[in-house]
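Novice: Take a look at this one; I'll ask things after.
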Amino acid sequence: MRAFLLSAPCIMAGPAQAGFDQTVDSLFAAATGWFVALVFANLPGTSIPWIVGWLVLGALVFTLYFGFIQFRAFGLALRIVRGTYSDPKDTGEVSHFQALATALSGTVGLGNIAGVAVAVSIGGAGATFWMILAGLLGMATKFTECTLGVKYRNEYPDGTVSGGPMYYIKKGFAERVLPFGGFMAGLFSVFCVLGALGGGNMFQANQAASQVYSVLGIPTWVTGVVLSGIVFAVIIGGIRSIAQVTEKVVPFMGVGYFLVGMLILMMNADQILWALGEIIRGAFTDTGIVGGIVGAIIQGFRRAAFSNEAGIGSAAIAHSAVRTKEPITEGFVALLEPFIDTVIICTMTALVIIITQQLLIDAQTGRYILDDAGRIATASGATGGVPITSAAFGSAFGWAPYALSLAVFLFAFSTMITWSYYGMKAWTYLFGEGKTKELIFKIIFCAFIFIGAISSLNAVIDFSDAALFAMAIVNIIALYALMPIVRRELNSFLARLRAGKIKPHK
């Protein structure tokens with residue numbers, strides 16, 4: 001997903017707003033500190049945040065339960081996303097590809113630029129190995145939650161649909177005669193609204209405004225106004241409008257960023273084997289980082305869990321809008337998300353940072369050189385997320401920091417428009433469907449974009465991050481309860497596919 005504070009430190013946005021910031025920060029800090037501490041507390045006797053362990057454990061359970069579905073169905077997923085089995089007459093609002101692009105626009109974000117840099121600057125090159133592993137496991141989680149999202153969505157006479165964890169929790173629990181379904185669905189919706197306004201909105205605006213200000217000198221309030229206006233113009237049209245934008249923006253920004261990264265790797269092709277060796281060595285040996293091997297594992301798993309949102313339930317909201325009568329097909333499509341976001345894009349970023357030798361290594365001992373803060377010192381002296389990645393790209397191309405500013409802006413923009421949809425669906429679940437109610441949320445959402453761009457509301461962002469992962473607490477409990485339903489859908493579809501009853505659509 002986009003970067004969160006725990007995976008990429010917030011860059012303070014331009015001109016000081018000390019009085020406003022301090023007032024708001026102090027008000028929210030007192031009210032939210034306990035919640036943040038609870039959600040991100042470490043497991044007893046370890047330095048592992050329990051919420052990260054919760055997400056990774058869930059991914060492992062779903063991988064085993066569905067027989068490594070992410071590998072068995074990978075080819076089938078590609079055929080489905082190309083439209084091989086799509087029928088335009090099916091109920092829904094967007095195609096399989098548009099649903100994937102919309103969901104990816106919420107996961108592929110600043111975290112792929114900033115969060116990876118933070119992970120390797122703390123956990124070393126070895127963090128990349130564990131990041132990839134967690135991403136591969138997370139594919140099974142996405143498969144599970146997005147199948148349920150389509151199966152239990154609401155379909156309305158005007159052709160629109162509403163889906164996501166709040167719907168499959170309530171309906172699925174009722175179907176299995178399980179208690180607390182309505183309560184858990186409502187709780188998830190509250191956390192989703194808070195997460196959308198914070199981590200899916202304000203933090204994105206803050207990072208985009210900060211990068212644009214640092215490189216181009218454009219005041220943060222100007223970026224805030226521009227972003228608010230553009231986002232409102234897109235989201236006012238609903239999921240169809242969002243999908244039409246994301247299916248163009250996401251491939252453009254994702255492919256563009258990837259190609260520049262790959263060009264740097266090709267320019268340093270003689271270093272690729274060395275970099276891969278560093279990743280393997282760092283994954284299983286102590287290379288001088290704080291926490292040693294355990295530190296690399298924690299940073300890798302944290303980066304992946306915070307990047308691809310597997311288990312949080314947010315992507316199921318976007319995938320629920322797909323045109324299909326077979327819920328399992330969208331589960332197949334969804335499993336591609338963590339692969340693209342984490343295994344491909346995050347890994348490419350890590351390789352560029354390693355190959356351009358941003359991480360300083362002692363030539364005699366082969367161990368990382370640490371700065372006063374306990375992080376790995378960098379060749380450019382850069383600290384934090386975006387600056388390290390910017391320095392890595394800039395070492396190859398002088399224009400890279402400017403291109404990166406555009407990428408940061410587009411990543412933030414795409415994440416915000418997608419999370420506006422997530423938040424709106426949770427909002428309407430709580431307060432009821434209707435154009436007026438949707439408009440109220442959209443106005444609130446865009447107002448928070450401007451506030452996020454000009455402020456450093458650390459307590460608000462911290463709380464929003466906690467709310468996003470509180471979503472995972474509720475969601476994964478529901479996935480455990482409902483995964484037998486997903487397996488029933490899977491077995492039925494595969495049996496009919498093998499029997500020739502499901503054929504490519506002409």
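We label chains A, B, ... in the order they appear in the structure tokens, count residues from 1 in each chain, and number ligands from 1 in the order shown.
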Which neighbours of range 364-377 of chain A fall inside 12 Å, counting only C-alpha atoms, when residues of the same chain fewer than 2 positions from it are skipped, and could you give them as a VMD selection string?
Specialist: chain A and resid 117 to 126 278 281 to 282 285 to 292 295 354 357 to 362 379 to 384 388
Novice: Residues as selected, N, CA and C atoms, written as a short mmCIF file (atom, residue, chain, number, x, y, z; two decimals), in the first residue's frame, can you do that?
Specialist:
```cif
data_model
loop_
_atom_site.label_atom_id
_atom_site.label_comp_id
_atom_site.auth_asym_id
_atom_site.auth_seq_id
_atom_site.Cartn_x
_atom_site.Cartn_y
_atom_site.Cartn_z
N ALA A 117 12.89 1.46 1.08
CA ALA A 117 14.16 2.08 1.47
C ALA A 117 14.36 2.03 2.97
N VAL A 118 13.30 2.28 3.71
CA VAL A 118 13.38 2.20 5.17
C VAL A 118 13.67 0.78 5.61
N ALA A 119 13.01 -0.20 4.98
CA ALA A 119 13.19 -1.60 5.35
C ALA A 119 14.64 -2.04 5.19
N VAL A 120 15.26 -1.73 4.06
CA VAL A 120 16.64 -2.16 3.84
C VAL A 120 17.64 -1.31 4.61
N SER A 121 17.27 -0.07 4.92
CA SER A 121 18.19 0.76 5.70
C SER A 121 18.22 0.35 7.17
N ILE A 122 17.21 -0.41 7.60
CA ILE A 122 17.18 -0.93 8.97
C ILE A 122 17.53 -2.40 8.99
N GLY A 123 16.94 -3.17 8.08
CA GLY A 123 17.13 -4.62 8.08
C GLY A 123 18.17 -5.12 7.10
N GLY A 124 18.80 -4.20 6.33
CA GLY A 124 19.81 -4.61 5.38
C GLY A 124 19.21 -5.28 4.15
N ALA A 125 20.10 -5.72 3.24
CA ALA A 125 19.64 -6.34 1.99
C ALA A 125 18.82 -7.59 2.26
N GLY A 126 19.10 -8.29 3.36
CA GLY A 126 18.38 -9.51 3.68
C GLY A 126 16.90 -9.33 3.90
N GLU A 278 24.00 -10.71 -1.72
CA GLU A 278 23.84 -9.91 -0.51
C GLU A 278 22.47 -10.15 0.13
N ARG A 281 22.65 -13.66 1.67
CA ARG A 281 23.56 -13.63 2.82
C ARG A 281 22.93 -12.89 3.99
N GLY A 282 22.31 -11.75 3.70
CA GLY A 282 21.72 -10.94 4.76
C GLY A 282 20.49 -11.57 5.37
N THR A 285 22.28 -14.45 7.79
CA THR A 285 23.48 -14.19 8.60
C THR A 285 23.39 -12.82 9.24
N ASP A 286 24.15 -12.64 10.29
CA ASP A 286 24.22 -11.34 10.96
C ASP A 286 25.24 -10.47 10.22
N THR A 287 24.77 -9.41 9.60
CA THR A 287 25.66 -8.53 8.83
C THR A 287 25.89 -7.20 9.52
N GLY A 288 25.66 -7.17 10.81
CA GLY A 288 25.96 -5.96 11.56
C GLY A 288 24.77 -5.07 11.83
N ILE A 289 23.60 -5.41 11.29
CA ILE A 289 22.42 -4.58 11.52
C ILE A 289 21.91 -4.79 12.94
N VAL A 290 21.21 -3.81 13.45
CA VAL A 290 20.61 -3.94 14.77
C VAL A 290 19.55 -5.04 14.73
N GLY A 291 19.68 -6.04 15.59
CA GLY A 291 18.72 -7.14 15.59
C GLY A 291 19.17 -8.33 14.76
N GLY A 292 20.24 -8.18 13.98
CA GLY A 292 20.77 -9.29 13.21
C GLY A 292 19.75 -9.91 12.27
N GLY A 295 16.20 -8.99 12.89
CA GLY A 295 15.90 -7.64 12.39
C GLY A 295 15.56 -7.65 10.92
N ILE A 354 20.40 -1.41 -3.48
CA ILE A 354 21.56 -2.25 -3.16
C ILE A 354 22.63 -2.12 -4.22
N GLN A 357 24.73 0.81 -4.40
CA GLN A 357 25.57 0.82 -3.20
C GLN A 357 25.29 2.02 -2.30
N GLN A 358 24.00 2.25 -2.11
CA GLN A 358 23.59 3.29 -1.17
C GLN A 358 23.87 2.86 0.27
N LEU A 359 23.83 1.56 0.54
CA LEU A 359 24.07 1.06 1.88
C LEU A 359 25.57 0.83 2.07
N LEU A 360 26.17 1.54 3.01
CA LEU A 360 27.61 1.49 3.20
C LEU A 360 28.03 0.23 3.94
N ILE A 361 29.02 -0.46 3.38
CA ILE A 361 29.54 -1.71 3.95
C ILE A 361 31.03 -1.55 4.23
N ASP A 362 31.47 -2.01 5.38
CA ASP A 362 32.88 -2.00 5.73
C ASP A 362 33.61 -3.02 4.86
N ALA A 379 25.44 6.14 1.19
CA ALA A 379 26.50 6.82 0.45
C ALA A 379 26.21 8.30 0.26
N SER A 380 24.93 8.64 0.10
CA SER A 380 24.54 10.03 -0.14
C SER A 380 24.31 10.80 1.15
N GLY A 381 24.27 10.07 2.27
CA GLY A 381 23.95 10.71 3.53
C GLY A 381 22.45 10.86 3.75
N ALA A 382 21.66 10.38 2.80
CA ALA A 382 20.21 10.50 2.90
C ALA A 382 19.67 9.60 3.99
N THR A 383 18.63 10.05 4.65
CA THR A 383 17.93 9.25 5.64
C THR A 383 16.45 9.25 5.30
N GLY A 384 15.70 8.33 5.87
CA GLY A 384 14.27 8.28 5.57
C GLY A 384 14.02 7.51 4.30
N ILE A 388 16.32 8.30 0.24
CA ILE A 388 17.24 7.21 -0.09
C ILE A 388 16.97 6.70 -1.50
#
```
Novice: Tell me, as number ranges by chain, which residues lie within 10 Å of Val212 in chain A, counting only C-alpha atoms; anything in the same chain fewer than 2 positions away does not count.
Specialist: A: 13-14, 207-210, 214-220, 223, 402, 404-406, 408-409
Novice: Rounded to one decimal place, report the CA of Ala412 in chain A-CA of Gly313 in chain A distance in Å.
Specialist: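 Atom-to-atom, CA of Ala412 in chain A to CA of Gly313 in chain A, that is 19.8 Å.
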Novice: Closest to Lys425 in chain A among A:Phe180, A:Trp274, A:Tyr85, A:Phe188, using only C-alpha atoms?
Specialist: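 Closest candidate: A:Phe188.
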Novice: Determine, counting only C-alpha atoms, which protein, DNA and RNA residues have an atom within 7 Å of an atom of range 474-486 of chain A; residues of the same chain fewer than 2 positions away are not included. Present the result as a PyMOL selection string.
Specialist: chain A and resi 58+144-145+147-148+165+169+172+184+188+311-313+470-472+488-490
Novice: Keeping N, CA and C atoms, export the residues of the selection given above as a CSV table (one decimal), in the first residue's frame.
Specialist:
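As written to disk, out.csv reads:
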```
chain,number,residue,atom,x,y,z
A,58,GLY,N,-1.9,-15.5,9.2
A,58,GLY,CA,-3.1,-15.7,8.4
A,58,GLY,C,-2.7,-16.1,7.0
A,144,THR,N,-8.6,-15.3,-0.8
A,144,THR,CA,-9.7,-15.6,0.1
A,144,THR,C,-10.6,-14.4,0.3
A,145,GLU,N,-10.1,-13.3,0.6
A,145,GLU,CA,-11.0,-12.1,1.0
A,145,GLU,C,-11.7,-11.6,-0.2
A,147,THR,N,-12.6,-13.3,-3.0
A,147,THR,CA,-13.7,-14.2,-3.4
A,147,THR,C,-14.9,-14.0,-2.5
A,148,LEU,N,-14.7,-13.8,-1.2
A,148,LEU,CA,-15.9,-13.5,-0.3
A,148,LEU,C,-16.5,-12.2,-0.6
A,165,PRO,N,-15.6,-6.5,3.3
A,165,PRO,CA,-15.6,-7.3,4.5
A,165,PRO,C,-16.9,-7.0,5.3
A,169,ILE,N,-18.9,-10.3,6.3
A,169,ILE,CA,-18.9,-10.7,7.7
A,169,ILE,C,-20.3,-10.9,8.1
A,172,GLY,N,-22.1,-13.7,5.8
A,172,GLY,CA,-21.4,-15.0,5.9
A,172,GLY,C,-21.6,-15.6,7.3
A,184,MET,N,-19.2,-7.1,14.3
A,184,MET,CA,-17.9,-7.1,13.7
A,184,MET,C,-17.9,-6.3,12.4
A,188,PHE,N,-15.6,-3.1,11.7
A,188,PHE,CA,-14.7,-3.0,10.5
A,188,PHE,C,-15.0,-1.7,9.8
A,311,GLY,N,-5.0,-9.1,3.9
A,311,GLY,CA,-5.6,-9.4,5.2
A,311,GLY,C,-6.3,-8.2,5.8
A,312,ILE,N,-6.0,-7.0,5.2
A,312,ILE,CA,-6.7,-5.8,5.8
A,312,ILE,C,-8.1,-5.7,5.3
A,313,GLY,N,-8.4,-6.2,4.1
A,313,GLY,CA,-9.8,-6.3,3.6
A,313,GLY,C,-10.1,-5.2,2.7
A,470,ALA,N,-6.2,-2.4,12.6
A,470,ALA,CA,-7.4,-2.9,13.4
A,470,ALA,C,-8.4,-3.5,12.4
A,471,MET,N,-8.5,-3.0,11.2
A,471,MET,CA,-9.3,-3.7,10.2
A,471,MET,C,-8.9,-5.1,10.0
A,472,ALA,N,-7.6,-5.4,10.0
A,472,ALA,CA,-7.0,-6.7,9.8
A,472,ALA,C,-7.4,-7.7,10.9
A,488,ARG,N,-15.3,-24.4,-0.9
A,488,ARG,CA,-16.5,-25.0,-1.6
A,488,ARG,C,-16.6,-24.3,-3.0
A,489,GLU,N,-16.5,-23.0,-3.1
A,489,GLU,CA,-16.6,-22.2,-4.4
A,489,GLU,C,-15.4,-22.7,-5.3
A,490,LEU,N,-14.2,-22.8,-4.7
A,490,LEU,CA,-13.1,-23.2,-5.5
A,490,LEU,C,-13.2,-24.6,-6.1
```
Novice: Which residues in range 104-251 of chain A does DSSP call alpha helix (DSSP H)? List them as a VMD selection string.
Specialist: chain A and resid 104 to 107 110 116 to 123 127 to 151 165 to 175 181 to 197 203 to 216 220 to 235 238 to 251
Novice: From the set A:Glu433, A:Glu309, A:Asp158, A:Glu438, which residue has the shortest atom-to-atom contact distance to Ala134 in chain A, counting only C-alpha atoms?
Specialist: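 Closest residue, counting only C-alpha atoms: A:Glu309.
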Novice: Within 8 Å of Trp427 in chain A, counting only C-alpha atoms, which residues qualify if same-chain residues fewer than 2 places away don't, as a list in words?
Specialist: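 Using only C-alpha atoms, the neighbours found are Ser189, Val190, Val193, Gly423, Met424, Lys425, Tyr429, Leu430, Phe431, Gly432, Glu438 and Phe441 of chain A.
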Novice: Those selected residues, please, written with N, CA and C atoms and delivered as a PDB file, in the first residue's frame.
Specialist:
```
ATOM      1  N   SER A 189     -16.234  -1.323   9.572  1.00  0.00           N
ATOM      2  CA  SER A 189     -16.576  -0.130   8.809  1.00  0.00           C
ATOM      3  C   SER A 189     -16.056   1.135   9.476  1.00  0.00           C
ATOM      4  N   VAL A 190     -16.151   1.210  10.789  1.00  0.00           N
ATOM      5  CA  VAL A 190     -15.630   2.376  11.513  1.00  0.00           C
ATOM      6  C   VAL A 190     -14.125   2.499  11.304  1.00  0.00           C
ATOM      7  N   VAL A 193     -13.350   3.708   7.665  1.00  0.00           N
ATOM      8  CA  VAL A 193     -13.537   5.145   7.451  1.00  0.00           C
ATOM      9  C   VAL A 193     -12.353   5.930   8.010  1.00  0.00           C
ATOM     10  N   GLY A 423     -13.471   4.082   1.717  1.00  0.00           N
ATOM     11  CA  GLY A 423     -14.076   4.805   2.833  1.00  0.00           C
ATOM     12  C   GLY A 423     -15.544   5.091   2.604  1.00  0.00           C
ATOM     13  N   MET A 424     -15.904   5.418   1.359  1.00  0.00           N
ATOM     14  CA  MET A 424     -17.296   5.730   1.056  1.00  0.00           C
ATOM     15  C   MET A 424     -18.188   4.505   1.249  1.00  0.00           C
ATOM     16  N   LYS A 425     -17.715   3.335   0.842  1.00  0.00           N
ATOM     17  CA  LYS A 425     -18.516   2.126   1.003  1.00  0.00           C
ATOM     18  C   LYS A 425     -18.706   1.781   2.478  1.00  0.00           C
ATOM     19  N   TYR A 429     -22.293   1.926   4.438  1.00  0.00           N
ATOM     20  CA  TYR A 429     -22.726   0.769   5.208  1.00  0.00           C
ATOM     21  C   TYR A 429     -23.219   1.218   6.586  1.00  0.00           C
ATOM     22  N   LEU A 430     -22.522   2.204   7.152  1.00  0.00           N
ATOM     23  CA  LEU A 430     -22.881   2.695   8.487  1.00  0.00           C
ATOM     24  C   LEU A 430     -24.111   3.593   8.464  1.00  0.00           C
ATOM     25  N   PHE A 431     -24.215   4.451   7.424  1.00  0.00           N
ATOM     26  CA  PHE A 431     -25.250   5.485   7.419  1.00  0.00           C
ATOM     27  C   PHE A 431     -26.311   5.303   6.338  1.00  0.00           C
ATOM     28  N   GLY A 432     -26.144   4.284   5.486  1.00  0.00           N
ATOM     29  CA  GLY A 432     -27.138   4.025   4.457  1.00  0.00           C
ATOM     30  C   GLY A 432     -26.706   4.517   3.094  1.00  0.00           C
ATOM     31  N   GLU A 438     -23.284   9.881   0.039  1.00  0.00           N
ATOM     32  CA  GLU A 438     -22.001   9.671  -0.622  1.00  0.00           C
ATOM     33  C   GLU A 438     -21.289  11.004  -0.854  1.00  0.00           C
ATOM     34  N   PHE A 441     -19.555  12.365   2.263  1.00  0.00           N
ATOM     35  CA  PHE A 441     -18.266  11.734   2.541  1.00  0.00           C
ATOM     36  C   PHE A 441     -17.194  12.230   1.578  1.00  0.00           C
TER      37      PHE A 441
END
```
Novice: Expressed in Å to a single decimal, how great is the separation between CA of Lys142 in chain A and CA of Leu187 in chain A?
Specialist: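 Between CA of Lys142 in chain A and CA of Leu187 in chain A the gap is 20.6 Å.
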Novice: Rounded to one decimal, what separation in Å do you get between CA of Ala466 in chain A and CA of Gly200 in chain A?
Specialist: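 Separating CA of Ala466 in chain A from CA of Gly200 in chain A is a distance of 12.3 Å.
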Novice: Between A:Ile473, A:Ala269, A:Ser162, A:Cys146, which is the closest to Ala315 in chain A once you count only C-alpha atoms?
Specialist: A:Cys146
Novice: Just checking: using only C-alpha atoms, which residue out of A:Phe413, A:Leu100, A:Glu93, A:Ala77 ends up closest to Pro251 in chain A?
Specialist: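 Distance minimum relative to Pro251 in chain A lands on A:Leu100.
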Novice: Which of range 281-476 of chain A end up as strand (DSSP E or B) when DSSP is run on this backbone - answer as a list in words?
Specialist: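 Everything in range 281-476 of chain A that counts as strand (DSSP E or B) is Val322, Leu359, Ile361, Tyr368, Leu370, Ile376 and Thr378 of chain A.
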Novice: Using C-alpha atoms, can you write the selected residues to a file as a CSV table (one decimal), in the first residue's frame?
Specialist:
```csv
chain,number,residue,atom,x,y,z
A,322,VAL,CA,-16.3,-6.7,-10.9
A,359,LEU,CA,24.1,1.1,1.9
A,361,ILE,CA,29.5,-1.7,3.9
A,368,TYR,CA,27.1,-2.6,7.5
A,370,LEU,CA,25.6,2.1,11.2
A,376,ILE,CA,22.7,1.7,8.0
A,378,THR,CA,24.1,5.7,3.1
```
